[in-house]
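This is protein-v7.cif (mmCIF, C-alpha atoms; chains and numbers go by the auth columns).
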data_input
loop_
_atom_site.group_PDB
_atom_site.id
_atom_site.type_symbol
_atom_site.label_atom_id
_atom_site.label_comp_id
_atom_site.label_asym_id
_atom_site.label_seq_id
_atom_site.Cartn_x
_atom_site.Cartn_y
_atom_site.Cartn_z
_atom_site.B_iso_or_equiv
_atom_site.auth_seq_id
_atom_site.auth_asym_id
ATOM 1 C CA ALA A 1 0.000 0.000 0.000 0.00 1 A
ATOM 2 C CA GLN A 2 1.093 3.498 -0.686 0.00 2 A
ATOM 3 C CA SER A 3 2.107 5.776 2.111 0.00 3 A
ATOM 4 C CA VAL A 4 3.220 9.379 2.341 0.00 4 A
ATOM 5 C CA THR A 5 5.540 10.692 5.017 0.00 5 A
ATOM 6 C CA GLN A 6 5.827 14.349 5.815 0.00 6 A
ATOM 7 C CA LEU A 7 8.815 14.454 8.076 0.00 7 A
ATOM 8 C CA ASP A 8 8.046 17.736 9.816 0.00 8 A
ATOM 9 C CA SER A 9 4.734 18.336 11.547 0.00 9 A
ATOM 10 C CA GLN A 10 5.569 21.988 12.166 0.00 10 A
ATOM 11 C CA VAL A 11 7.940 24.386 10.425 0.00 11 A
ATOM 12 C CA PRO A 12 8.381 27.899 11.829 0.00 12 A
ATOM 13 C CA VAL A 13 10.254 30.413 9.682 0.00 13 A
ATOM 14 C CA PHE A 14 10.744 34.145 9.492 0.00 14 A
ATOM 15 C CA GLU A 15 9.240 36.236 6.729 0.00 15 A
ATOM 16 C CA GLU A 16 11.337 36.401 3.535 0.00 16 A
ATOM 17 C CA ALA A 17 13.332 33.309 4.534 0.00 17 A
ATOM 18 C CA PRO A 18 13.456 30.248 2.253 0.00 18 A
ATOM 19 C CA VAL A 19 11.532 27.144 3.245 0.00 19 A
ATOM 20 C CA GLU A 20 11.504 23.468 2.322 0.00 20 A
ATOM 21 C CA LEU A 21 8.708 21.114 3.328 0.00 21 A
ATOM 22 C CA ARG A 22 9.723 17.508 3.002 0.00 22 A
ATOM 23 C CA CYS A 23 7.680 14.666 1.565 0.00 23 A
ATOM 24 C CA ASN A 24 8.601 11.032 0.901 0.00 24 A
ATOM 25 C CA TYR A 25 6.394 8.349 -0.575 0.00 25 A
ATOM 26 C CA SER A 26 6.587 4.585 -0.567 0.00 26 A
ATOM 27 C CA SER A 27 5.174 3.408 -3.881 0.00 27 A
ATOM 28 C CA SER A 28 7.566 1.760 -6.299 0.00 28 A
ATOM 29 C CA VAL A 29 5.301 2.045 -9.305 0.00 29 A
ATOM 30 C CA SER A 30 4.448 5.061 -11.367 0.00 30 A
ATOM 31 C CA VAL A 31 2.981 7.754 -9.182 0.00 31 A
ATOM 32 C CA TYR A 32 1.258 11.051 -9.491 0.00 32 A
ATOM 33 C CA LEU A 33 2.210 13.543 -6.826 0.00 33 A
ATOM 34 C CA PHE A 34 0.448 16.613 -5.501 0.00 34 A
ATOM 35 C CA TRP A 35 0.904 19.350 -2.948 0.00 35 A
ATOM 36 C CA TYR A 36 -2.160 21.002 -1.450 0.00 36 A
ATOM 37 C CA VAL A 37 -2.485 23.947 0.953 0.00 37 A
ATOM 38 C CA GLN A 38 -5.219 24.307 3.539 0.00 38 A
ATOM 39 C CA TYR A 39 -6.017 27.612 5.228 0.00 39 A
ATOM 40 C CA PRO A 40 -7.965 27.529 8.520 0.00 40 A
ATOM 41 C CA ASN A 41 -11.533 26.261 8.188 0.00 41 A
ATOM 42 C CA GLN A 42 -11.220 25.843 4.448 0.00 42 A
ATOM 43 C CA GLY A 43 -10.850 23.027 1.978 0.00 43 A
ATOM 44 C CA LEU A 44 -7.665 22.175 0.125 0.00 44 A
ATOM 45 C CA GLN A 45 -6.240 24.213 -2.715 0.00 45 A
ATOM 46 C CA LEU A 46 -3.957 22.617 -5.289 0.00 46 A
ATOM 47 C CA LEU A 47 -0.463 24.132 -5.250 0.00 47 A
ATOM 48 C CA LEU A 48 1.186 21.964 -7.888 0.00 48 A
ATOM 49 C CA LYS A 49 1.283 18.487 -9.372 0.00 49 A
ATOM 50 C CA TYR A 50 3.754 16.086 -10.916 0.00 50 A
ATOM 51 C CA LEU A 51 2.419 13.703 -13.537 0.00 51 A
ATOM 52 C CA SER A 52 5.427 13.090 -15.792 0.00 52 A
ATOM 53 C CA GLY A 53 8.170 14.931 -17.636 0.00 53 A
ATOM 54 C CA SER A 54 10.339 17.581 -16.029 0.00 54 A
ATOM 55 C CA THR A 55 11.141 16.747 -12.442 0.00 55 A
ATOM 56 C CA LEU A 56 10.999 20.386 -11.349 0.00 56 A
ATOM 57 C CA VAL A 57 7.426 21.522 -11.078 0.00 57 A
ATOM 58 C CA LYS A 58 6.357 25.103 -10.570 0.00 58 A
ATOM 59 C CA GLY A 59 3.097 25.926 -8.847 0.00 59 A
ATOM 60 C CA ILE A 60 1.065 28.853 -7.655 0.00 60 A
ATOM 61 C CA ASN A 61 2.152 31.479 -5.113 0.00 61 A
ATOM 62 C CA GLY A 62 5.837 31.023 -5.961 0.00 62 A
ATOM 63 C CA PHE A 63 6.079 27.417 -4.775 0.00 63 A
ATOM 64 C CA GLU A 64 7.955 24.682 -6.601 0.00 64 A
ATOM 65 C CA ALA A 65 8.694 21.023 -5.971 0.00 65 A
ATOM 66 C CA GLU A 66 11.217 18.549 -7.272 0.00 66 A
ATOM 67 C CA PHE A 67 10.400 14.923 -7.999 0.00 67 A
ATOM 68 C CA ASN A 68 13.291 12.631 -7.114 0.00 68 A
ATOM 69 C CA LYS A 69 12.555 9.055 -8.099 0.00 69 A
ATOM 70 C CA SER A 70 15.705 7.526 -6.616 0.00 70 A
ATOM 71 C CA GLN A 71 15.000 9.087 -3.241 0.00 71 A
ATOM 72 C CA THR A 72 11.200 8.749 -3.579 0.00 72 A
ATOM 73 C CA SER A 73 10.841 12.347 -2.535 0.00 73 A
ATOM 74 C CA PHE A 74 8.782 15.340 -3.615 0.00 74 A
ATOM 75 C CA HIS A 75 9.917 18.234 -1.453 0.00 75 A
ATOM 76 C CA LEU A 76 8.162 21.593 -1.645 0.00 76 A
ATOM 77 C CA ARG A 77 10.198 24.801 -1.690 0.00 77 A
ATOM 78 C CA LYS A 78 9.759 28.537 -1.745 0.00 78 A
ATOM 79 C CA PRO A 79 12.728 30.931 -1.877 0.00 79 A
ATOM 80 C CA SER A 80 11.072 33.706 0.152 0.00 80 A
ATOM 81 C CA VAL A 81 7.942 33.218 2.236 0.00 81 A
ATOM 82 C CA HIS A 82 5.273 35.708 3.230 0.00 82 A
ATOM 83 C CA ILE A 83 3.086 35.946 6.310 0.00 83 A
ATOM 84 C CA SER A 84 0.173 34.890 4.113 0.00 84 A
ATOM 85 C CA ASP A 85 1.857 31.520 3.440 0.00 85 A
ATOM 86 C CA THR A 86 1.028 30.459 6.985 0.00 86 A
ATOM 87 C CA ALA A 87 -1.132 27.373 6.504 0.00 87 A
ATOM 88 C CA GLU A 88 -1.192 23.575 6.586 0.00 88 A
ATOM 89 C CA TYR A 89 0.481 21.860 3.642 0.00 89 A
ATOM 90 C CA PHE A 90 -0.358 18.340 2.512 0.00 90 A
ATOM 91 C CA CYS A 91 1.599 16.094 0.189 0.00 91 A
ATOM 92 C CA ALA A 92 -0.461 13.453 -1.610 0.00 92 A
ATOM 93 C CA VAL A 93 0.168 10.566 -3.981 0.00 93 A
ATOM 94 C CA THR A 94 -1.972 8.403 -6.176 0.00 94 A
ATOM 95 C CA THR A 95 -1.257 5.546 -8.551 0.00 95 A
ATOM 96 C CA THR A 96 -3.109 3.484 -11.089 0.00 96 A
ATOM 97 C CA GLN A 97 -1.828 0.174 -9.811 0.00 97 A
ATOM 98 C CA GLY A 98 -4.593 -2.347 -9.277 0.00 98 A
ATOM 99 C CA GLY A 99 -7.174 0.183 -10.322 0.00 99 A
ATOM 100 C CA SER A 100 -6.532 2.152 -7.170 0.00 100 A
ATOM 101 C CA GLU A 101 -7.815 5.667 -7.398 0.00 101 A
ATOM 102 C CA LYS A 102 -7.135 6.715 -3.876 0.00 102 A
ATOM 103 C CA LEU A 103 -5.360 9.920 -3.116 0.00 103 A
ATOM 104 C CA VAL A 104 -3.248 9.164 -0.086 0.00 104 A
ATOM 105 C CA PHE A 105 -2.306 12.147 2.048 0.00 105 A
ATOM 106 C CA GLY A 106 0.559 12.764 4.370 0.00 106 A
ATOM 107 C CA LYS A 107 -0.215 13.991 7.862 0.00 107 A
ATOM 108 C CA GLY A 108 0.475 17.564 6.926 0.00 108 A
ATOM 109 C CA THR A 109 3.048 20.200 7.818 0.00 109 A
ATOM 110 C CA LYS A 110 2.008 23.333 9.608 0.00 110 A
ATOM 111 C CA LEU A 111 4.007 26.245 8.189 0.00 111 A
ATOM 112 C CA THR A 112 4.096 29.321 10.404 0.00 112 A
ATOM 113 C CA VAL A 113 5.679 32.449 8.993 0.00 113 A
ATOM 114 C CA ASN A 114 6.671 34.947 11.655 0.00 114 A
ATOM 115 C CA PRO A 115 7.380 38.653 11.102 0.00 115 A
ATOM 116 C CA GLY B 1 -11.543 27.069 -13.417 0.00 1 B
ATOM 117 C CA ALA B 2 -12.229 23.855 -11.457 0.00 2 B
ATOM 118 C CA VAL B 3 -14.359 25.368 -8.718 0.00 3 B
ATOM 119 C CA VAL B 4 -16.109 23.120 -6.228 0.00 4 B
ATOM 120 C CA SER B 5 -18.834 24.510 -4.026 0.00 5 B
ATOM 121 C CA GLN B 6 -19.800 22.825 -0.778 0.00 6 B
ATOM 122 C CA HIS B 7 -22.885 23.758 1.228 0.00 7 B
ATOM 123 C CA PRO B 8 -23.533 24.401 4.041 0.00 8 B
ATOM 124 C CA SER B 9 -20.211 25.578 5.410 0.00 9 B
ATOM 125 C CA TRP B 10 -21.309 25.149 9.015 0.00 10 B
ATOM 126 C CA VAL B 11 -24.209 23.333 10.594 0.00 11 B
ATOM 127 C CA ILE B 12 -25.242 22.744 14.196 0.00 12 B
ATOM 128 C CA CYS B 13 -28.047 20.344 14.967 0.00 13 B
ATOM 129 C CA LYS B 14 -29.469 18.150 17.669 0.00 14 B
ATOM 130 C CA SER B 15 -28.541 14.530 18.166 0.00 15 B
ATOM 131 C CA GLY B 16 -30.764 12.182 16.168 0.00 16 B
ATOM 132 C CA THR B 17 -31.382 14.467 13.211 0.00 17 B
ATOM 133 C CA SER B 18 -30.148 13.893 9.682 0.00 18 B
ATOM 134 C CA VAL B 19 -27.941 16.374 7.880 0.00 19 B
ATOM 135 C CA LYS B 20 -27.410 16.695 4.150 0.00 20 B
ATOM 136 C CA ILE B 21 -24.269 18.232 2.669 0.00 21 B
ATOM 137 C CA GLU B 22 -24.097 19.200 -0.993 0.00 22 B
ATOM 138 C CA CYS B 23 -21.051 19.232 -3.226 0.00 23 B
ATOM 139 C CA ARG B 24 -21.202 20.840 -6.654 0.00 24 B
ATOM 140 C CA SER B 25 -18.639 21.222 -9.400 0.00 25 B
ATOM 141 C CA LEU B 26 -19.482 24.652 -10.798 0.00 26 B
ATOM 142 C CA ASP B 27 -17.502 24.856 -14.020 0.00 27 B
ATOM 143 C CA PHE B 28 -16.691 21.293 -14.983 0.00 28 B
ATOM 144 C CA GLN B 29 -18.261 17.862 -15.104 0.00 29 B
ATOM 145 C CA ALA B 30 -16.901 15.614 -12.407 0.00 30 B
ATOM 146 C CA THR B 31 -16.606 11.974 -13.352 0.00 31 B
ATOM 147 C CA THR B 32 -15.721 11.107 -9.796 0.00 32 B
ATOM 148 C CA MET B 33 -16.428 12.743 -6.470 0.00 33 B
ATOM 149 C CA PHE B 34 -14.915 11.961 -3.105 0.00 34 B
ATOM 150 C CA TRP B 35 -15.939 12.534 0.501 0.00 35 B
ATOM 151 C CA TYR B 36 -13.381 13.000 3.248 0.00 36 B
ATOM 152 C CA ARG B 37 -13.507 13.503 6.971 0.00 37 B
ATOM 153 C CA GLN B 38 -10.897 15.506 8.809 0.00 38 B
ATOM 154 C CA PHE B 39 -10.343 15.431 12.547 0.00 39 B
ATOM 155 C CA PRO B 40 -8.698 18.389 14.300 0.00 40 B
ATOM 156 C CA LYS B 41 -5.035 18.792 13.435 0.00 41 B
ATOM 157 C CA GLN B 42 -5.080 15.616 11.331 0.00 42 B
ATOM 158 C CA SER B 43 -4.990 14.684 7.703 0.00 43 B
ATOM 159 C CA LEU B 44 -7.944 13.831 5.500 0.00 44 B
ATOM 160 C CA MET B 45 -9.512 10.407 5.766 0.00 45 B
ATOM 161 C CA LEU B 46 -11.243 9.137 2.645 0.00 46 B
ATOM 162 C CA MET B 47 -14.766 7.999 3.413 0.00 47 B
ATOM 163 C CA ALA B 48 -16.092 7.073 -0.007 0.00 48 B
ATOM 164 C CA THR B 49 -15.675 7.445 -3.743 0.00 49 B
ATOM 165 C CA SER B 50 -18.637 7.960 -6.021 0.00 50 B
ATOM 166 C CA ASN B 51 -19.155 7.940 -9.759 0.00 51 B
ATOM 167 C CA GLU B 52 -22.188 9.504 -11.346 0.00 52 B
ATOM 168 C CA GLY B 53 -25.097 7.097 -11.631 0.00 53 B
ATOM 169 C CA SER B 54 -23.543 4.285 -9.632 0.00 54 B
ATOM 170 C CA LYS B 55 -23.306 3.298 -5.996 0.00 55 B
ATOM 171 C CA ALA B 56 -20.577 4.796 -3.900 0.00 56 B
ATOM 172 C CA THR B 57 -17.580 2.734 -2.846 0.00 57 B
ATOM 173 C CA TYR B 58 -17.034 3.073 0.884 0.00 58 B
ATOM 174 C CA GLU B 59 -13.728 2.714 2.674 0.00 59 B
ATOM 175 C CA GLN B 60 -13.321 0.038 5.277 0.00 60 B
ATOM 176 C CA GLY B 61 -14.863 1.041 8.583 0.00 61 B
ATOM 177 C CA VAL B 62 -17.233 3.623 7.113 0.00 62 B
ATOM 178 C CA GLU B 63 -20.891 2.754 7.688 0.00 63 B
ATOM 179 C CA LYS B 64 -22.754 3.077 4.405 0.00 64 B
ATOM 180 C CA ASP B 65 -26.118 3.210 6.160 0.00 65 B
ATOM 181 C CA LYS B 66 -24.865 6.032 8.336 0.00 66 B
ATOM 182 C CA PHE B 67 -23.285 8.091 5.599 0.00 67 B
ATOM 183 C CA LEU B 68 -25.539 8.022 2.551 0.00 68 B
ATOM 184 C CA ILE B 69 -23.984 9.251 -0.656 0.00 69 B
ATOM 185 C CA ASN B 70 -25.924 10.142 -3.766 0.00 70 B
ATOM 186 C CA HIS B 71 -24.213 11.174 -6.988 0.00 71 B
ATOM 187 C CA ALA B 72 -27.191 12.158 -9.067 0.00 72 B
ATOM 188 C CA SER B 73 -25.425 14.079 -11.817 0.00 73 B
ATOM 189 C CA LEU B 74 -21.984 14.955 -13.122 0.00 74 B
ATOM 190 C CA THR B 75 -22.022 18.142 -11.077 0.00 75 B
ATOM 191 C CA LEU B 76 -23.699 17.169 -7.815 0.00 76 B
ATOM 192 C CA SER B 77 -23.018 14.729 -5.008 0.00 77 B
ATOM 193 C CA THR B 78 -24.658 14.731 -1.590 0.00 78 B
ATOM 194 C CA LEU B 79 -23.620 13.228 1.724 0.00 79 B
ATOM 195 C CA THR B 80 -26.361 12.617 4.268 0.00 80 B
ATOM 196 C CA VAL B 81 -25.352 11.885 7.829 0.00 81 B
ATOM 197 C CA THR B 82 -28.310 9.948 9.185 0.00 82 B
ATOM 198 C CA SER B 83 -29.350 10.001 12.843 0.00 83 B
ATOM 199 C CA ALA B 84 -26.299 12.062 13.703 0.00 84 B
ATOM 200 C CA HIS B 85 -24.665 11.772 17.108 0.00 85 B
ATOM 201 C CA PRO B 86 -21.987 13.874 18.803 0.00 86 B
ATOM 202 C CA GLU B 87 -19.248 11.498 17.648 0.00 87 B
ATOM 203 C CA ASP B 88 -20.169 12.384 14.061 0.00 88 B
ATOM 204 C CA SER B 89 -19.089 15.963 14.693 0.00 89 B
ATOM 205 C CA SER B 90 -16.234 16.695 12.336 0.00 90 B
ATOM 206 C CA PHE B 91 -15.068 18.638 9.298 0.00 91 B
ATOM 207 C CA TYR B 92 -16.338 17.012 6.103 0.00 92 B
ATOM 208 C CA ILE B 93 -14.716 17.876 2.777 0.00 93 B
ATOM 209 C CA CYS B 94 -15.740 16.861 -0.711 0.00 94 B
ATOM 210 C CA SER B 95 -13.649 16.840 -3.843 0.00 95 B
ATOM 211 C CA ALA B 96 -14.320 16.362 -7.519 0.00 96 B
ATOM 212 C CA ARG B 97 -12.164 15.136 -10.354 0.00 97 B
ATOM 213 C CA LYS B 98 -12.551 15.484 -14.073 0.00 98 B
ATOM 214 C CA GLY B 99 -11.125 12.637 -16.049 0.00 99 B
ATOM 215 C CA GLN B 100 -8.725 9.937 -15.003 0.00 100 B
ATOM 216 C CA VAL B 101 -6.698 9.237 -11.895 0.00 101 B
ATOM 217 C CA ASN B 102 -3.754 11.355 -13.022 0.00 102 B
ATOM 218 C CA GLN B 103 -5.880 14.478 -12.812 0.00 103 B
ATOM 219 C CA PRO B 104 -5.971 16.468 -9.554 0.00 104 B
ATOM 220 C CA GLN B 105 -8.908 16.499 -7.222 0.00 105 B
ATOM 221 C CA HIS B 106 -10.472 19.893 -6.607 0.00 106 B
ATOM 222 C CA PHE B 107 -11.778 20.469 -3.113 0.00 107 B
ATOM 223 C CA GLY B 108 -14.738 22.255 -1.637 0.00 108 B
ATOM 224 C CA ASP B 109 -14.317 24.525 1.367 0.00 109 B
ATOM 225 C CA GLY B 110 -15.617 21.915 3.771 0.00 110 B
ATOM 226 C CA THR B 111 -18.546 21.651 6.162 0.00 111 B
ATOM 227 C CA ARG B 112 -18.114 21.975 9.891 0.00 112 B
ATOM 228 C CA LEU B 113 -20.710 19.664 11.468 0.00 113 B
ATOM 229 C CA SER B 114 -21.468 20.011 15.176 0.00 114 B
ATOM 230 C CA ILE B 115 -23.952 17.649 16.796 0.00 115 B
ATOM 231 C CA LEU B 116 -25.230 18.690 20.190 0.00 116 B
#
Exercise: express the given structure as structure tokens:
Amino acid sequence: AQSVTQLDSQVPVFEEAPVELRCNYSSSVSVYLFWYVQYPNQGLQLLLKYLSGSTLVKGINGFEAEFNKSQTSFHLRKPSVHISDTAEYFCAVTTTQGGSEKLVFGKGTKLTVNP
Amino acid sequence: GAVVSQHPSWVICKSGTSVKIECRSLDFQATTMFWYRQFPKQSLMLMATSNEGSKATYEQGVEKDKFLINHASLTLSTLTVTSAHPEDSSFYICSARKGQVNQPQHFGDGTRLSIL
């Protein structure tokens, strides 16, 4: 079964600092990878996705992620964060193996940007 | 594009009543819709997957008679929590996907359900 590990439950950073949110997945077959952001009392908003092709994926709000097959990682980065980036971030993976259509989420990383 | 509307956003009701939550894809036709439950400070737990015109597929441990899902059209799915009790209080989120599994799911803003 697939699993997603977000190594950090909380990441505090100062405004304008760079940030990396880590994500590792367990599947050995072809995967589709996603990062979502959740603001308080709201649903999830898609930040970016990796389906195939270039391993560096650019998303909204200045975020990007790099797919690393050998390390089974899909870390999310932003070179300079803003106060408004404070939110919960979820990494998710899905595959087509065995007809599975489940989107499996990591436990989330709470990013707090301090002034 | 890819807007999903979920209604109501917040509902409080007495124990024993039934509550219906609607999920609509506003600008696309959703071949598949999903219902999740999220506990405080936790990730999303998939409850069920539904395709238009067919019965929903429930995840293990989710009571299908408790959580009734109807996917009447390509733009509307409803979740009815029947005879709700305080332990059903939670944040429920729906999502919709157009096309195949490699396409992203688009999420509604969630429904905060509080059972007194």
Within 6 Å of chain A, which residues belong to chain B? Use all atoms listed in the file and report them as a list in words.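 Those within range of chain A come out as Ser43, Val101, Phe107, Gly108, Asp109 and Gly110 of chain B.
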Write to file, as a short mmCIF file (atom, residue, chain, number, x, y, z; two decimals), in the frame of the given file, the residues of the selection just made, with C-alpha atoms.
data_model
loop_
_atom_site.label_atom_id
_atom_site.label_comp_id
_atom_site.auth_asym_id
_atom_site.auth_seq_id
_atom_site.Cartn_x
_atom_site.Cartn_y
_atom_site.Cartn_z
CA SER B 43 -4.99 14.68 7.70
CA VAL B 101 -6.70 9.24 -11.90
CA PHE B 107 -11.78 20.47 -3.11
CA GLY B 108 -14.74 22.26 -1.64
CA ASP B 109 -14.32 24.52 1.37
CA GLY B 110 -15.62 21.92 3.77
#
Item to complete: Work out how far apart atom CA of B:Leu76 and atom CA of B:Tyr58 are and give it in Å to one decimal.
Response: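 Between these atoms lies a distance of 17.9 Å.
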Pairwise distance, atom CA of B:Lys41 with atom CA of A:Lys78, equals 23.3 Å
How many Å lie between atom CA of B:Phe28 and atom CA of B:Phe67, rounded to one decimal?
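Between these atoms lies a distance of 25.3 Å.
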Check: Which residue gives the smallest distance to B:Ser18 among B:Lys64, B:Lys55, B:His85, B:His106, with all atoms listed in the file counted?
Finding: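 Between B:Lys64, B:Lys55, B:His85, B:His106, the residue approaching B:Ser18 most closely is B:His85.
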